[in-house]
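Pasted below: structure_36.csv, CSV, C-alpha atoms and all ligand atoms.
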chain,number,residue,atom,x,y,z
A,1,MET,CA,0.0,0.0,0.0
A,2,SER,CA,1.3,3.4,-0.7
A,3,ALA,CA,0.0,5.5,2.2
A,4,SER,CA,0.5,8.7,0.1
A,5,SER,CA,-2.2,7.8,-2.4
A,6,LEU,CA,-4.7,5.7,-0.5
A,7,LYS,CA,-8.1,5.5,-2.1
A,8,ILE,CA,-10.9,4.5,0.2
A,9,LEU,CA,-14.5,3.8,-0.5
A,10,LEU,CA,-16.5,4.4,2.6
A,11,ILE,CA,-20.0,2.9,2.7
A,12,GLU,CA,-21.8,4.4,5.7
A,13,ASP,CA,-25.3,5.9,5.9
A,14,ASN,CA,-24.6,7.8,9.1
A,15,LEU,CA,-23.2,11.2,8.2
A,16,ALA,CA,-21.7,11.9,11.7
A,17,GLU,CA,-19.8,8.6,11.7
A,18,ALA,CA,-18.5,9.3,8.2
A,19,ARG,CA,-17.3,12.8,9.3
A,20,LEU,CA,-15.6,11.3,12.3
A,21,LEU,CA,-13.7,8.8,10.1
A,22,ARG,CA,-12.6,11.5,7.7
A,23,GLU,CA,-11.2,13.5,10.7
A,24,VAL,CA,-9.3,10.4,12.0
A,25,LEU,CA,-7.8,9.9,8.6
A,26,LYS,CA,-6.7,13.5,8.4
A,27,GLN,CA,-4.8,13.1,11.7
A,28,GLY,CA,-2.8,10.2,10.2
A,29,ASP,CA,0.4,10.4,8.3
A,30,PHE,CA,-1.4,9.8,5.1
A,31,LYS,CA,0.0,12.5,3.0
A,32,ARG,CA,-2.7,12.1,0.5
A,33,PHE,CA,-5.8,10.1,0.7
A,34,SER,CA,-9.0,10.3,-1.0
A,35,LEU,CA,-12.2,9.2,0.6
A,36,VAL,CA,-15.3,8.6,-1.5
A,37,HIS,CA,-18.3,8.4,0.7
A,38,VAL,CA,-21.5,6.7,-0.3
A,39,LYS,CA,-24.6,6.0,1.8
A,40,ARG,CA,-26.1,3.0,0.1
A,41,LEU,CA,-24.8,-0.4,-1.2
A,42,ARG,CA,-26.3,0.3,-4.7
A,43,GLU,CA,-24.3,3.6,-4.9
A,44,ALA,CA,-21.2,1.7,-3.8
A,45,LEU,CA,-21.6,-0.9,-6.6
A,46,ASP,CA,-22.0,1.9,-9.2
A,47,ARG,CA,-18.9,3.6,-8.0
A,48,LEU,CA,-16.9,0.4,-8.1
A,49,GLN,CA,-17.8,0.2,-11.8
A,50,GLU,CA,-16.5,3.7,-12.5
A,51,ASP,CA,-13.5,3.9,-10.2
A,52,CYS,CA,-10.5,2.0,-8.7
A,53,PHE,CA,-10.0,1.8,-4.9
A,54,ASP,CA,-7.5,0.4,-2.5
A,55,VAL,CA,-9.9,-0.6,0.2
A,56,ILE,CA,-13.5,-0.6,1.2
A,57,LEU,CA,-14.8,0.5,4.7
A,58,LEU,CA,-18.2,-1.0,5.1
A,59,ASP,CA,-20.9,-0.3,7.6
A,60,LEU,CA,-23.0,-3.4,8.2
A,61,THR,CA,-26.3,-1.6,8.7
A,62,LEU,CA,-27.3,0.2,5.5
A,63,PRO,CA,-30.7,1.3,4.3
A,64,ASP,CA,-30.6,-1.1,1.3
A,65,SER,CA,-28.7,-4.0,2.8
A,66,GLN,CA,-28.5,-5.4,6.2
A,67,GLY,CA,-25.6,-7.2,7.9
A,68,LEU,CA,-23.5,-9.7,5.9
A,69,GLU,CA,-25.7,-9.4,2.8
A,70,SER,CA,-23.5,-6.6,1.5
A,71,LEU,CA,-20.4,-8.7,1.4
A,72,TYR,CA,-21.3,-10.9,-1.5
A,73,PRO,CA,-22.3,-8.3,-4.0
A,74,LEU,CA,-19.2,-6.2,-3.1
A,75,SER,CA,-16.7,-9.0,-3.5
A,76,ARG,CA,-18.4,-10.1,-6.7
A,77,HIS,CA,-18.0,-6.6,-8.2
A,78,ALA,CA,-14.5,-6.1,-6.9
A,79,PRO,CA,-13.1,-9.5,-6.1
A,80,SER,CA,-9.5,-8.3,-5.4
A,81,LEU,CA,-10.5,-5.3,-3.2
A,82,PRO,CA,-10.0,-5.7,0.6
A,83,ILE,CA,-13.0,-5.0,2.8
A,84,VAL,CA,-12.9,-3.8,6.4
A,85,VAL,CA,-16.2,-3.9,8.1
A,86,LEU,CA,-17.4,-1.2,10.6
A,87,THR,CA,-19.4,-2.6,13.6
A,88,ASN,CA,-21.0,-1.3,16.7
A,89,MET,CA,-19.8,-2.2,20.2
A,90,ASN,CA,-22.0,-5.3,20.7
A,91,ASP,CA,-21.5,-6.7,17.2
A,92,ASP,CA,-18.5,-9.0,17.8
A,93,GLU,CA,-20.1,-12.1,16.5
A,94,LEU,CA,-21.3,-10.5,13.4
A,95,ALA,CA,-17.9,-9.0,12.8
A,96,ILE,CA,-16.1,-12.4,13.2
A,97,GLU,CA,-18.6,-13.9,10.8
A,98,ALA,CA,-17.9,-11.1,8.3
A,99,VAL,CA,-14.2,-12.0,8.4
A,100,ARG,CA,-15.0,-15.7,8.0
A,101,GLN,CA,-17.0,-14.8,4.9
A,102,GLY,CA,-14.2,-12.9,3.2
A,103,ALA,CA,-13.8,-9.5,4.9
A,104,GLN,CA,-10.2,-8.8,5.7
A,105,ASP,CA,-10.7,-7.1,9.1
A,106,TYR,CA,-13.3,-5.3,11.3
A,107,LEU,CA,-13.2,-2.1,13.3
A,108,VAL,CA,-15.5,-1.2,16.2
A,109,LYS,CA,-16.7,2.3,15.4
A,110,ARG,CA,-16.3,3.9,18.8
A,111,GLN,CA,-12.8,2.4,19.2
A,112,ILE,CA,-11.3,3.8,16.0
A,113,ASN,CA,-8.2,6.0,16.4
A,114,VAL,CA,-5.6,6.8,13.9
A,115,GLU,CA,-3.2,3.9,14.8
A,116,VAL,CA,-5.9,1.3,14.8
A,117,LEU,CA,-7.3,2.6,11.5
A,118,PHE,CA,-4.0,2.8,9.8
A,119,ARG,CA,-2.9,-0.6,10.9
A,120,SER,CA,-6.1,-2.2,10.0
A,121,LEU,CA,-6.1,-0.7,6.5
A,122,ARG,CA,-2.5,-1.7,5.9
A,123,TYR,CA,-3.0,-5.3,7.0
A,124,ALA,CA,-6.3,-5.6,5.1
A,125,ILE,CA,-4.6,-4.5,1.9
A,126,GLU,CA,-1.5,-6.7,2.4
A,127,ARG,CA,-3.5,-9.7,3.4
A,128,LYS,CA,-5.7,-9.3,0.3
A,129,GLN,CA,-2.7,-9.0,-1.9
A,130,VAL,CA,-1.2,-12.2,-0.5
A,131,LEU,CA,-4.6,-14.0,-0.9
A,132,GLU,CA,-4.8,-12.7,-4.5
A,133,SER,CA,-1.4,-13.9,-5.4
A,134,LEU,CA,-2.1,-17.3,-3.9
A,135,ARG,CA,-5.4,-17.4,-5.9
A,136,ALA,CA,-3.5,-16.5,-9.1
A,137,VAL,CA,-0.9,-19.2,-8.4
A,138,ASN,CA,-3.7,-21.7,-7.7
A,139,GLU,CA,-5.5,-20.7,-10.8
A,140,ALA,CA,-2.3,-21.1,-12.9
A,141,LEU,CA,-1.7,-24.5,-11.4
A,142,LYS,CA,-5.2,-25.6,-12.0
A,143,ASN,CA,-4.9,-24.5,-15.7
A,144,ARG,CA,-1.6,-26.3,-16.0
A,145,VAL,CA,-3.1,-29.5,-14.6
A,146,GLN,CA,-6.0,-29.2,-17.0
A,147,GLU,CA,-3.8,-28.7,-20.0
A,148,ARG,CA,-1.5,-31.5,-19.0
A,149,THR,CA,-4.5,-33.8,-18.5
A,150,ALA,CA,-5.8,-32.9,-21.9
A,151,GLU,CA,-2.3,-33.6,-23.4
A,152,LEU,CA,-2.2,-37.0,-21.7
A,153,VAL,CA,-5.7,-37.9,-22.9
A,154,GLU,CA,-4.8,-36.8,-26.4
A,155,ALA,CA,-1.5,-38.7,-26.3
A,156,LYS,CA,-3.4,-41.8,-25.1
A,157,GLU,CA,-6.0,-41.5,-27.9
A,158,VAL,CA,-3.2,-41.0,-30.5
A,159,ASN,CA,-1.5,-44.1,-29.2
A,160,GLN,CA,-4.7,-46.1,-29.3
A,161,LEU,CA,-5.3,-44.9,-32.8
A,162,LYS,CA,-1.8,-45.8,-33.8
A,163,SER,CA,-2.1,-49.3,-32.5
A,164,GLU,CA,-5.5,-49.7,-34.2
A,165,PHE,CA,-3.9,-48.4,-37.3
A,166,VAL,CA,-1.0,-50.8,-37.2
A,167,SER,CA,-3.2,-53.9,-36.5
A,168,MET,CA,-5.7,-52.9,-39.1
A,169,ILE,CA,-3.0,-52.2,-41.7
A,170,SER,CA,-1.2,-55.5,-41.0
A,171,HIS,CA,-4.5,-57.3,-41.3
A,172,ASP,CA,-5.5,-55.6,-44.5
A,173,PHE,CA,-2.1,-56.1,-46.1
A,174,ARG,CA,-1.9,-59.8,-45.0
A,175,ASN,CA,-5.0,-60.8,-47.0
A,176,PRO,CA,-3.8,-59.6,-50.4
A,177,LEU,CA,-0.3,-60.8,-49.6
A,178,ASN,CA,-1.7,-64.3,-48.9
A,179,THR,CA,-3.6,-64.3,-52.2
A,180,ILE,CA,-0.4,-63.3,-54.0
A,181,LEU,CA,1.7,-66.0,-52.2
A,182,LEU,CA,-0.9,-68.6,-52.8
A,183,CYS,CA,-1.4,-67.9,-56.5
A,184,ALA,CA,2.3,-67.5,-57.2
A,185,GLY,CA,3.0,-70.8,-55.4
A,186,LEU,CA,0.2,-72.6,-57.5
A,187,LEU,CA,1.6,-71.1,-60.7
A,188,GLU,CA,5.2,-72.2,-59.8
A,189,ASP,CA,4.4,-75.7,-58.6
A,190,ASN,CA,1.8,-76.6,-61.2
A,191,ASP,CA,2.9,-74.9,-64.3
A,192,HIS,CA,2.5,-77.9,-66.5
A,193,LEU,CA,-0.8,-79.0,-64.9
A,194,LEU,CA,-2.7,-75.7,-65.1
A,195,SER,CA,-4.8,-74.8,-68.2
A,196,LYS,CA,-4.2,-71.5,-69.8
A,197,GLU,CA,-7.6,-70.1,-68.4
A,198,LYS,CA,-6.7,-71.3,-64.9
A,199,LYS,CA,-3.3,-69.6,-65.1
A,200,LEU,CA,-5.0,-66.4,-66.3
A,201,THR,CA,-7.4,-66.5,-63.3
A,202,HIS,CA,-4.4,-66.7,-60.9
A,203,PHE,CA,-2.6,-63.9,-62.6
A,204,GLN,CA,-5.8,-61.8,-62.4
A,205,LEU,CA,-6.1,-62.6,-58.7
A,206,ILE,CA,-2.5,-61.5,-58.2
A,207,HIS,CA,-3.2,-58.3,-60.1
A,208,SER,CA,-6.2,-57.3,-58.1
A,209,ALA,CA,-4.5,-58.2,-54.8
A,210,ILE,CA,-1.7,-55.8,-55.8
A,211,GLN,CA,-4.3,-53.1,-56.7
A,212,ASP,CA,-5.9,-53.6,-53.3
A,213,MET,CA,-2.6,-53.1,-51.6
A,214,ALA,CA,-1.8,-50.0,-53.6
A,215,ARG,CA,-5.2,-48.5,-52.9
A,216,LEU,CA,-4.8,-49.2,-49.1
A,217,LEU,CA,-1.4,-47.5,-49.2
A,218,ASP,CA,-2.8,-44.5,-50.9
A,219,GLU,CA,-5.6,-44.2,-48.4
A,220,VAL,CA,-3.2,-44.5,-45.4
A,221,LEU,CA,-0.9,-41.9,-46.9
A,222,LEU,CA,-3.9,-39.5,-47.5
A,223,ILE,CA,-5.2,-39.9,-44.0
A,224,GLY,CA,-1.7,-39.3,-42.6
A,225,LYS,CA,-1.4,-36.1,-44.7
A,226,ALA,CA,-4.8,-34.9,-43.6
A,227,ASP,CA,-4.0,-35.6,-39.9
A,228,SER,CA,-0.8,-33.6,-40.1
A,229,GLY,CA,-2.6,-30.7,-41.8
A,230,LYS,CA,-0.8,-31.3,-45.1
A,231,LEU,CA,-3.8,-31.9,-47.2
A,232,GLN,CA,-3.5,-29.3,-49.9
A,233,TYR,CA,-6.4,-27.3,-51.2
A,234,GLN,CA,-5.5,-26.1,-54.7
A,235,PRO,CA,-8.6,-24.7,-56.3
A,236,ILE,CA,-8.7,-24.3,-60.1
A,237,PRO,CA,-11.5,-23.1,-62.4
A,238,MET,CA,-13.7,-26.2,-63.2
A,239,ASP,CA,-16.9,-26.9,-65.0
A,240,LEU,CA,-18.7,-29.2,-62.5
A,241,VAL,CA,-21.3,-30.8,-64.8
A,242,PRO,CA,-18.9,-32.5,-67.3
A,243,PHE,CA,-16.6,-33.4,-64.4
A,244,CYS,CA,-19.4,-35.2,-62.6
A,245,TRP,CA,-20.5,-36.9,-65.8
A,246,GLN,CA,-17.0,-38.3,-66.2
A,247,LEU,CA,-16.9,-39.6,-62.6
A,248,VAL,CA,-20.3,-41.3,-63.2
A,249,GLU,CA,-19.0,-42.9,-66.3
A,250,GLU,CA,-15.9,-44.2,-64.5
A,251,ALA,CA,-18.1,-45.6,-61.7
A,252,GLN,CA,-20.5,-47.1,-64.1
A,253,PHE,CA,-17.6,-48.8,-65.9
A,254,SER,CA,-16.3,-50.4,-62.7
A,255,ALA,CA,-19.9,-51.4,-61.6
A,256,GLY,CA,-20.5,-53.1,-65.0
A,257,GLU,CA,-24.1,-54.1,-65.5
A,258,LYS,CA,-24.8,-54.9,-61.9
A,259,HIS,CA,-25.9,-51.4,-61.0
A,260,GLN,CA,-27.3,-48.5,-62.8
A,261,LEU,CA,-26.1,-45.0,-62.1
A,262,VAL,CA,-28.4,-42.0,-62.8
A,263,PHE,CA,-26.9,-38.5,-62.8
A,264,THR,CA,-29.1,-35.4,-62.7
A,265,SER,CA,-28.0,-31.8,-62.4
A,266,LEU,CA,-30.3,-29.0,-61.2
A,267,GLY,CA,-29.9,-25.2,-61.1
A,268,GLU,CA,-27.3,-22.9,-62.5
A,269,PHE,CA,-23.5,-23.6,-62.5
A,270,ARG,CA,-21.3,-20.7,-62.9
A,271,GLU,CA,-17.7,-21.5,-63.5
A,272,ALA,CA,-16.1,-21.7,-60.0
A,273,LEU,CA,-13.0,-22.8,-58.3
A,274,TRP,CA,-12.7,-26.4,-57.0
A,275,ASP,CA,-9.9,-28.7,-56.0
A,276,GLU,CA,-10.1,-31.5,-58.5
A,277,SER,CA,-8.2,-34.0,-56.6
A,278,LEU,CA,-10.3,-33.4,-53.3
A,279,LEU,CA,-13.5,-33.6,-55.3
A,280,ARG,CA,-12.4,-36.9,-56.9
A,281,HIS,CA,-11.7,-38.4,-53.4
A,282,ILE,CA,-15.1,-37.2,-52.1
A,283,LEU,CA,-17.3,-38.2,-55.0
A,284,GLY,CA,-15.3,-41.3,-56.0
A,285,ASN,CA,-15.5,-42.7,-52.5
A,286,LEU,CA,-19.2,-42.0,-52.1
A,287,LEU,CA,-20.1,-43.5,-55.5
A,288,ALA,CA,-17.9,-46.5,-54.9
A,289,ASN,CA,-19.6,-47.1,-51.5
A,290,ALA,CA,-23.0,-46.7,-53.0
A,291,ILE,CA,-22.2,-49.4,-55.5
A,292,LYS,CA,-20.4,-51.7,-53.0
A,293,TYR,CA,-23.2,-51.6,-50.4
A,294,SER,CA,-26.2,-52.1,-52.8
A,295,PRO,CA,-27.6,-55.2,-54.2
A,296,GLN,CA,-27.2,-56.1,-57.8
A,297,GLY,CA,-29.8,-54.6,-60.1
A,298,SER,CA,-30.3,-51.5,-57.9
A,299,THR,CA,-30.1,-47.9,-59.0
A,300,ILE,CA,-27.8,-45.2,-57.6
A,301,GLN,CA,-28.9,-41.6,-57.9
A,302,PHE,CA,-26.3,-38.9,-58.1
A,303,GLU,CA,-27.7,-35.3,-57.9
A,304,LEU,CA,-25.8,-32.1,-58.4
A,305,ILE,CA,-27.7,-29.0,-57.3
A,306,GLY,CA,-26.4,-25.6,-58.0
A,307,GLN,CA,-27.4,-22.9,-55.5
A,308,GLU,CA,-26.5,-19.2,-55.2
A,309,LYS,CA,-23.6,-19.7,-52.8
A,310,THR,CA,-23.2,-23.4,-52.5
A,311,VAL,CA,-23.2,-26.6,-54.5
A,312,VAL,CA,-24.9,-29.7,-53.2
A,313,PHE,CA,-23.8,-33.2,-54.2
A,314,ARG,CA,-26.2,-36.0,-53.1
A,315,ILE,CA,-25.5,-39.7,-53.6
A,316,GLN,CA,-28.4,-42.0,-52.8
A,317,ASP,CA,-28.6,-45.7,-52.9
A,318,GLY,CA,-31.1,-48.5,-52.2
A,319,GLY,CA,-28.6,-50.6,-50.4
A,320,ILE,CA,-28.1,-52.3,-47.0
A,321,GLY,CA,-28.3,-49.0,-45.0
A,322,ILE,CA,-26.4,-48.1,-41.9
A,323,PRO,CA,-27.7,-49.0,-38.4
A,324,PRO,CA,-28.4,-45.8,-36.3
A,325,GLU,CA,-25.8,-46.7,-33.6
A,326,ASP,CA,-23.0,-46.9,-36.3
A,327,GLN,CA,-23.8,-43.6,-37.9
A,328,LYS,CA,-22.2,-41.4,-35.2
A,329,GLN,CA,-18.7,-42.9,-35.7
A,330,LEU,CA,-18.9,-43.3,-39.4
A,331,PHE,CA,-16.4,-40.7,-40.3
A,332,GLN,CA,-13.7,-42.0,-37.9
A,333,PRO,CA,-10.9,-44.0,-39.4
A,334,PHE,CA,-11.4,-47.8,-39.4
A,335,ASN,CA,-15.1,-47.6,-38.3
A,336,ARG,CA,-17.3,-50.0,-40.2
A,337,ALA,CA,-20.9,-50.6,-39.6
A,338,SER,CA,-22.0,-53.9,-37.9
A,339,ASN,CA,-24.0,-55.0,-41.0
A,340,VAL,CA,-21.2,-55.1,-43.6
A,341,GLY,CA,-21.0,-58.9,-43.4
A,342,THR,CA,-18.4,-60.1,-45.9
A,343,ILE,CA,-18.3,-56.9,-48.0
A,344,ALA,CA,-14.6,-56.0,-48.1
A,345,GLY,CA,-13.4,-52.6,-46.8
A,346,THR,CA,-10.9,-50.7,-44.6
A,347,GLY,CA,-13.1,-48.1,-43.0
A,348,LEU,CA,-10.9,-45.4,-44.3
A,349,GLY,CA,-12.9,-44.1,-47.2
A,350,LEU,CA,-15.4,-41.9,-45.3
A,351,ALA,CA,-12.7,-40.5,-43.0
A,352,ILE,CA,-10.9,-39.4,-46.1
A,353,VAL,CA,-14.1,-37.9,-47.6
A,354,LYS,CA,-14.7,-35.9,-44.4
A,355,LYS,CA,-11.2,-34.5,-44.4
A,356,CYS,CA,-11.5,-33.5,-48.1
A,357,VAL,CA,-14.9,-31.9,-47.5
A,358,GLU,CA,-13.4,-29.9,-44.5
A,359,ALA,CA,-10.5,-28.8,-46.6
A,360,HIS,CA,-13.0,-27.4,-49.1
A,361,GLY,CA,-14.8,-25.6,-46.2
A,362,GLY,CA,-17.9,-27.7,-46.6
A,363,LEU,CA,-20.2,-30.1,-44.7
A,364,ILE,CA,-21.2,-33.7,-45.1
A,365,SER,CA,-24.3,-35.4,-43.7
A,366,VAL,CA,-25.9,-38.8,-43.9
A,367,THR,CA,-29.4,-40.2,-43.7
A,368,SER,CA,-29.8,-43.9,-43.8
A,369,GLU,CA,-32.2,-46.7,-43.0
A,370,VAL,CA,-31.2,-50.4,-42.7
A,371,GLY,CA,-32.6,-52.4,-45.6
A,372,VAL,CA,-33.9,-49.3,-47.4
A,373,GLY,CA,-30.8,-47.3,-48.4
A,374,THR,CA,-28.4,-44.5,-47.7
A,375,SER,CA,-28.0,-40.9,-48.8
A,376,PHE,CA,-24.9,-38.8,-48.4
A,377,THR,CA,-25.2,-35.0,-48.9
A,378,VAL,CA,-22.1,-32.9,-49.4
A,379,THR,CA,-22.5,-29.1,-49.4
A,380,LEU,CA,-19.5,-27.1,-50.6
A,381,PRO,CA,-19.3,-23.3,-50.7
A,382,LEU,CA,-19.0,-21.9,-54.1
A,383,MET,CA,-15.9,-19.9,-54.7
A,384,ALA,CA,-16.2,-17.5,-57.5
A,385,ILE,CA,-13.2,-17.0,-59.7
A,386,VAL,CA,-12.6,-13.4,-58.6
A,387,ASN,CA,-11.6,-14.8,-55.2
A,388,LEU,CA,-8.7,-16.8,-56.5
A,389,ASN,CA,-6.2,-14.3,-55.2
A,390,GLN,CA,-7.4,-14.8,-51.6
A,391,TRP,CA,-6.2,-18.4,-51.7
A,392,SER,CA,-3.0,-17.9,-53.6
A,393,HIS,CA,-1.4,-16.1,-50.6
B,1,LIG,P1,-15.2,-49.1,-46.1
B,1,LIG,O1,-13.8,-49.4,-46.7
B,1,LIG,O2,-15.5,-50.1,-45.0
B,1,LIG,O3,-16.3,-49.1,-47.2
B,1,LIG,P2,-15.7,-46.3,-45.5
B,1,LIG,O4,-15.0,-45.4,-44.6
B,1,LIG,O5,-15.9,-45.9,-47.0
B,1,LIG,O6,-15.0,-47.7,-45.4
B,1,LIG,O7,-17.1,-46.5,-44.9
B,1,LIG,C1,-17.3,-46.8,-43.5
B,1,LIG,C2,-18.4,-47.7,-43.3
B,1,LIG,O8,-19.6,-46.9,-43.5
B,1,LIG,C3,-18.5,-48.9,-44.1
B,1,LIG,O9,-17.8,-49.9,-43.6
B,1,LIG,C4,-20.0,-49.2,-44.1
B,1,LIG,O10,-20.3,-49.8,-42.9
B,1,LIG,C5,-20.6,-47.8,-44.0
B,1,LIG,N1,-21.1,-47.3,-45.3
B,1,LIG,C6,-20.5,-46.3,-46.0
B,1,LIG,N2,-21.2,-46.0,-47.1
B,1,LIG,C7,-22.3,-46.8,-47.1
B,1,LIG,C8,-23.4,-47.0,-48.0
B,1,LIG,N3,-23.6,-46.3,-49.1
B,1,LIG,N4,-24.4,-47.9,-47.6
B,1,LIG,C9,-24.2,-48.6,-46.4
B,1,LIG,N5,-23.2,-48.5,-45.6
B,1,LIG,C10,-22.2,-47.6,-45.9
Turn the structure described in the file into structure tokens.
Amino acid sequence: MSASSLKILLIEDNLAEARLLREVLKQGDFKRFSLVHVKRLREALDRLQEDCFDVILLDLTLPDSQGLESLYPLSRHAPSLPIVVLTNMNDDELAIEAVRQGAQDYLVKRQINVEVLFRSLRYAIERKQVLESLRAVNEALKNRVQERTAELVEAKEVNQLKSEFVSMISHDFRNPLNTILLCAGLLEDNDHLLSKEKKLTHFQLIHSAIQDMARLLDEVLLIGKADSGKLQYQPIPMDLVPFCWQLVEEAQFSAGEKHQLVFTSLGEFREALWDESLLRHILGNLLANAIKYSPQGSTIQFELIGQEKTVVFRIQDGGIGIPPEDQKQLFQPFNRASNVGTIAGTGLGLAIVKKCVEAHGGLISVTSEVGVGTSFTVTLPLMAIVNLNQWSH
């Protein structure tokens, strides 16, 4: 406390008592003090909003607040300000209770003299400062503990994800590797016994096992990139309708005659900026899933809807659907629904789709009913060509 510039807020409705206190203060060696005197709690709260003080002197019998009631609103408005309560002769118990509830000290009105007042004010301020620094240290410690706990939880989750990743990858690599080993062994050992057609089948199996492994590697690399924030967003001017037609043709080609893909586009499509590679991942994966999880002979609808500020891509199938309890985790790596049966998959496709949608600043949602079908809706913001410069920085 600097005694030379002590700023006191006195809350006292009795004018004579207030005058007396001012006189006592003047006698002290306070070279400069300023005393703001208010008569009601409400006024005090208003003053605290406008001004800074070193200490509050509080009478416990005010017209708008009685006894200890005043303490709570005061300490809420000015938590770091020390409060010294002023009591009457026979109010010892009340005074002690006030100290228990957060006041720094109490003074019995008729016993106040300059030494008592000065000592009380000084101790009140010092005690409050110590309490405040303790509180700050405590707060800092609490925050540190929370941060550390969050770091540990995250590290644990990352570790868990890593081990799931490793066991999943080893499992998914082992299957095609086994196929390759088996077919290569058969070809080697039975060269003269196998017909030309049989040999061709084995070579085709080897070929598709290698393709599976390459696809898995690509997916793992892509997820790794997205997780480390390295998924690049490189928008270029693109005409969406022909681009989607091309994707549908490619998907129809791989589905053969087992499924029918129907593409429709609605609305206006101004030439805008899109990241071709991210769009390919998003739509390619969703179309491939729609085919993979639908029965033969079914139709897959692909709608492209141009709106003023967004473009909506909707891919709808009449397939096996996704049980409600599996829908929440769908976009997490390695999550597969409980009804996939023997349909092959890694559980990485939708995680990749989500990351690509986010990199495009868009949203993805799903509605699905088991045995009826699934519909994925991707909404991406339209970026007009004039904005290209914003992204090139
Ligand atoms: P997967 O390689 O298993 O297909 P994805 O990440 O692409 O991995 O999909 C995660 C899971 O979501 C799938 O295993 C499947 O259970 C479910 N799923 C995705 N798309 C569909 C769909 N169109 N119909 C039914 N289930 C789907």
Show me, as CSV, the residues of chain A having an atom within 9 Å of ligand LIG 1 (chain B), each with the closest atom pair and its distance in Å, using only C-alpha atoms and all ligand atoms.
residue,atom,partner,partner_atom,distance
A:Asn285,CA,B:LIG1,O5,6.4
A:Leu286,CA,B:LIG1,N2,6.7
A:Leu287,CA,B:LIG1,N3,7.8
A:Ala288,CA,B:LIG1,N3,8.1
A:Asn289,CA,B:LIG1,N3,4.7
A:Ala290,CA,B:LIG1,N3,4.0
A:Ile291,CA,B:LIG1,N3,7.2
A:Lys292,CA,B:LIG1,N3,7.4
A:Tyr293,CA,B:LIG1,N4,4.8
A:Ser294,CA,B:LIG1,N4,6.9
A:Ile315,CA,B:LIG1,N3,8.2
A:Gln316,CA,B:LIG1,N3,7.4
A:Asp317,CA,B:LIG1,N3,6.3
A:Gly318,CA,B:LIG1,N4,8.1
A:Gly319,CA,B:LIG1,N4,5.7
A:Ile320,CA,B:LIG1,C9,5.4
A:Gly321,CA,B:LIG1,C9,4.4
A:Ile322,CA,B:LIG1,N5,4.9
A:Pro323,CA,B:LIG1,N5,8.5
A:Asp326,CA,B:LIG1,O10,7.7
A:Gln327,CA,B:LIG1,O8,7.7
A:Gln329,CA,B:LIG1,O8,8.8
A:Leu330,CA,B:LIG1,O8,5.5
A:Phe331,CA,B:LIG1,O4,6.5
A:Gln332,CA,B:LIG1,O4,7.6
A:Pro333,CA,B:LIG1,O4,6.8
A:Phe334,CA,B:LIG1,O4,6.8
A:Asn335,CA,B:LIG1,C1,5.7
A:Arg336,CA,B:LIG1,O9,3.4
A:Ala337,CA,B:LIG1,O10,3.4
A:Ser338,CA,B:LIG1,O10,6.7
A:Asn339,CA,B:LIG1,O10,6.7
A:Val340,CA,B:LIG1,O10,5.4
A:Ile343,CA,B:LIG1,O2,7.9
A:Ala344,CA,B:LIG1,O2,6.7
A:Gly345,CA,B:LIG1,O1,3.2
A:Thr346,CA,B:LIG1,O1,3.8
A:Gly347,CA,B:LIG1,O6,3.1
A:Leu348,CA,B:LIG1,O4,4.1
A:Gly349,CA,B:LIG1,O5,3.5
A:Leu350,CA,B:LIG1,O4,3.6
A:Ala351,CA,B:LIG1,O4,5.6
A:Ile352,CA,B:LIG1,O4,7.4
A:Val353,CA,B:LIG1,O4,8.1
A:Ser368,CA,B:LIG1,N4,7.7
A:Glu369,CA,B:LIG1,C9,8.9
A:Val370,CA,B:LIG1,C9,8.1
A:Gly373,CA,B:LIG1,N4,6.5
A:Thr374,CA,B:LIG1,N4,5.3
A:Ser375,CA,B:LIG1,N3,7.0
A:Phe376,CA,B:LIG1,N3,7.6
Practice problem: For region 120-129 of chain A, please output as a list in words all residues within 8 Å (counting all atoms listed in the file; exclusion window: fewer than 2 positions along the same chain). | Solution: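 My list of contacting residues is Met1, Asp54, Val55, Ser80, Leu81, Pro82, Ile83, Val84, Gln104, Asp105, Tyr106, Leu107, Val116, Leu117, Phe118, Leu131, Glu132 and Ser133 of chain A.
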Quiz item: Do you have the CA of Glu97 (chain A)-CA of Thr61 (chain A) distance handy?
Solution: 14.7 Å
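Reported to one decimal place, the separation of CA of Leu68 (chain A) from CA of Leu94 (chain A) is 7.9 Å.
The gap separating CA of Leu6 (chain A) from CA of Ala103 (chain A) is 18.5 Å, in Å to one decimal.
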Quiz item: Using only C-alpha atoms, which residue out of A:Leu273, A:Val137, A:Ile56, A:Leu283 lies closest to Pro381 (chain A)?
Solution: A:Leu273
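Counting only C-alpha atoms and comparing A:Met168, A:Val38, A:Cys52, A:Ile112, the residue that lies closest to Leu20 (chain A) is A:Ile112.
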